[in-house]
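**Q** After the structure tokens below, expect a handful of questions from me.
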Amino acid sequence: MTTNPTHSRFPHLSKFHYGWIIAAVTFLTLLTSAGMRSTPGVLIVPLEHEFGWSTATISLAISINLFLYGLSGPFAAAFMERFGIRCVMLCALLLAALAAGLTVVMHAPWQLDLLWGVMVGLSSGALASVLGTIVANRWFVERRGLVLGVLTASNAAGQLVFLPLLASLAVSLGWRAAALATAGAAIVVFPLVALLMRERPRDIFQSPQAGQEKTASVATPLEHKNTPDTQKSQVGMHDGAATATEQMVKHANNPFSAAVSGLMRGIRSRDFWLLAGSFFICGATTNGLIGTHLIPASMDHGIPEVTAASLLALIGVFDLIGTTVSGWLSDRMDNRWLLCWYYGLRGLSLLFLPYALGTSYLTLAVFIVFYGLDWVATVPPTARLTADIFGKENVGVVFGWILAAHQLGVAMAAFGAGTLRTMLGSYQVSFLSAGVLCLIASGMVIRIGRALGRKSLPSTVLASEASQAS
């Protein structure tokens, strides 16, 4: 066995894995991005009062933001492969700080659409779940699911840190102070990314944390037979890998081509449509509806704005727990069943929400606990299934497109709920519809991997089924 000469000269490098530093910097960046995405929910009512804009008008800008946030994901992943993670992160932070800073001088709805819709949407899209997925897959092996769960939980942490602060600033100093605070946060994170971020473990003479990639601990019956069908399957797998490698080389210098190629690879798979469709519902029932409209919905029921923002932040507390545990579970359980339970419980929680808002704080607390625990707990199992089905080399771009479907759901729910609020005077129809959608998603995800038979299942699922059969 050979020894890395760098580790011989610097023994501390072999004891501490730099991937944890990368994960920490990524967490702070994603936390800041989450704080910026949560800002519009705080600004809806102040903007209505100062400019006389309707909820639908403001929701349009939020919808543009959330749609571009998702649409930019696969292109951001391709740009990260071409120009590097650090370069993309730095450019996104600068654009976000500029957009948030210019918000204080806006006076027309189109300026809100441009600044918070287009500029913040594109920049936050580059600092989204696709970033966490790429970092986790590049730097970690054994604890990949756990790390991805923690990085995903940055969304909850962003709410926890930013929402009460932004709401207090909006009430005491005005909404412009809240906008400037988000710009300042992006500026603070910028030097940390510039100084500490690295592209891959080999850049600092390390391997991904936990060493070599692991396979399923229990082989399936097909793996013990050298039949003609098995040989044909193995040849097909090698041909597919070679084709994927050739495509990666072909598109390496063209991020746009790489993004489109990833989409074409995905849409030929039924599993892609099941993942994207369920994730569309995930986005519609989280950031699009609750993340954007829970604060004004609470205010409709007499809850003060700061208290409503604190309730949304409290959801983030439970989500921080739920998403981290979800990442841990995604390394050990069938991710399809995890998603089935997550969507089912979320649907029941949303069906309960109109009743909770109209009664006591105790019933609202019950909603916050159960809904918060799986706010974005769906991300680690979805990302894990994507990596297992489409391969680590494709997970960034393919998951980026699945995230785009998520954000399309976010955008439609943000605009649709705002429009229904303007037309009907309440959010009740929106909450009940979202609950039904979650129950539909619960049935969709269990079909993942079944369209093409057992060969399309992730290795962790096959290992689990084989161990149960024995």
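Labeling convention for the structure tokens: chains A, B, ... as they appear, residues from 1 per chain, ligands from 1 in order of appearance.
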Hey, could you make a per-residue contact list for stretch 266-361 of chain A against stretch 162-177 of chain A with 6 Å as the cut-off, showing the nearest pair of atoms and its distance in Å to one decimal, counting only C-alpha atoms, sorted by chain and number, as a tab-separated table?

**A**
residue	atom	partner	partner_atom	distance
A:Val306	CA	A:Ala167	CA	5.4
A:Ala309	CA	A:Pro164	CA	5.7
A:Ser310	CA	A:Pro164	CA	5.5

**Q** Limited to N, CA and C atoms, could you put the picked residues into a file as a PDB file, in the first residue's frame?

**A**
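Final output, result-v3.pdb:
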ATOM      1  N   VAL A 306     -44.693  39.879  13.941  1.00  0.00           N
ATOM      2  CA  VAL A 306     -43.498  39.312  14.559  1.00  0.00           C
ATOM      3  C   VAL A 306     -43.788  37.934  15.131  1.00  0.00           C
ATOM      4  N   ALA A 309     -44.001  35.515  12.221  1.00  0.00           N
ATOM      5  CA  ALA A 309     -42.667  35.181  11.738  1.00  0.00           C
ATOM      6  C   ALA A 309     -41.961  34.217  12.683  1.00  0.00           C
ATOM      7  N   SER A 310     -42.185  34.379  13.971  1.00  0.00           N
ATOM      8  CA  SER A 310     -41.589  33.464  14.952  1.00  0.00           C
ATOM      9  C   SER A 310     -42.175  32.062  14.816  1.00  0.00           C
TER      10      SER A 310
END

**Q** Excluding A:Ser360 and residues on its chain fewer than 5 positions from it, collect all residues at most 12 Å away from it, counting only C-alpha atoms, and give them as a PyMOL selection string.

**A** chain A and resi 301-303+353-355+365-367

**Q** Output N, CA and C atoms of each residue in that selection to a file, as a PDB file, in the first residue's frame.

**A**
ATOM      1  N   HIS A 301     -55.801  36.111  10.857  1.00  0.00           N
ATOM      2  CA  HIS A 301     -56.474  35.566  12.042  1.00  0.00           C
ATOM      3  C   HIS A 301     -56.071  36.299  13.318  1.00  0.00           C
ATOM      4  N   GLY A 302     -55.530  37.516  13.169  1.00  0.00           N
ATOM      5  CA  GLY A 302     -55.248  38.356  14.330  1.00  0.00           C
ATOM      6  C   GLY A 302     -53.919  38.112  15.010  1.00  0.00           C
ATOM      7  N   ILE A 303     -53.032  37.333  14.394  1.00  0.00           N
ATOM      8  CA  ILE A 303     -51.711  37.085  14.980  1.00  0.00           C
ATOM      9  C   ILE A 303     -50.760  38.179  14.517  1.00  0.00           C
ATOM     10  N   LEU A 353     -54.487  22.476   9.073  1.00  0.00           N
ATOM     11  CA  LEU A 353     -54.074  23.867   9.290  1.00  0.00           C
ATOM     12  C   LEU A 353     -55.229  24.871   9.367  1.00  0.00           C
ATOM     13  N   PRO A 354     -56.233  24.859   8.464  1.00  0.00           N
ATOM     14  CA  PRO A 354     -57.313  25.849   8.589  1.00  0.00           C
ATOM     15  C   PRO A 354     -58.013  25.791   9.944  1.00  0.00           C
ATOM     16  N   TYR A 355     -58.182  24.596  10.476  1.00  0.00           N
ATOM     17  CA  TYR A 355     -58.778  24.465  11.806  1.00  0.00           C
ATOM     18  C   TYR A 355     -57.845  25.028  12.869  1.00  0.00           C
ATOM     19  N   ALA A 365     -49.725  24.934  17.550  1.00  0.00           N
ATOM     20  CA  ALA A 365     -48.442  24.336  17.924  1.00  0.00           C
ATOM     21  C   ALA A 365     -48.355  22.887  17.461  1.00  0.00           C
ATOM     22  N   VAL A 366     -49.478  22.169  17.515  1.00  0.00           N
ATOM     23  CA  VAL A 366     -49.500  20.790  17.025  1.00  0.00           C
ATOM     24  C   VAL A 366     -49.166  20.754  15.539  1.00  0.00           C
ATOM     25  N   PHE A 367     -49.749  21.664  14.761  1.00  0.00           N
ATOM     26  CA  PHE A 367     -49.433  21.746  13.338  1.00  0.00           C
ATOM     27  C   PHE A 367     -47.954  22.038  13.125  1.00  0.00           C
TER      28      PHE A 367
END

**Q** So that I can check the surroundings of stretch 82-95 of chain A, please list as a ChimeraX atom specification every protein, DNA and RNA residue that reaches within 9 Å of it, counting only C-alpha atoms and ignoring chain neighbours fewer than 4 positions away.

**A** /A:29,33,76-78,99-100,119-120,122-127,131,134-135,183,186-187,189-191,193-194,197-199,252-255

**Q** Name the residues in contact with A:Pro109 at a cut-off of 8 Å, using only C-alpha atoms, excluding same-chain residues fewer than 5 positions from it; report them as a count of residues only.

**A** 3

**Q** Pick out the residues sitting within 6 Å of stretch 312-327 of chain A, and hand them over as a list in words; count only C-alpha atoms, and ignore anything fewer than 4 positions along from it in its own chain.

**A** Gly145, Leu146, Gly149, Val150, Ala153, Ala156, Gln159, Leu160, Ile368, Gly372, Leu373, Asp374, Trp375, Ala377 and Pro380 of chain A

**Q** Provide the atom CA of A:Leu339 to atom CA of A:Phe75 distance in Å, to one decimal place.

**A**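 Between atom CA of A:Leu339 and atom CA of A:Phe75 the gap works out to 26.3 Å.
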
**Q** Mind listing the helix (DSSP H, G or I) residues of stretch 257-458 of chain A, per DSSP on the backbone, as an NGL selection string?

**A** :A and (257-267 or 270-285 or 287-300 or 305-330 or 335-357 or 361-373 or 379-390 or 395-424 or 428-445 or 454-456)
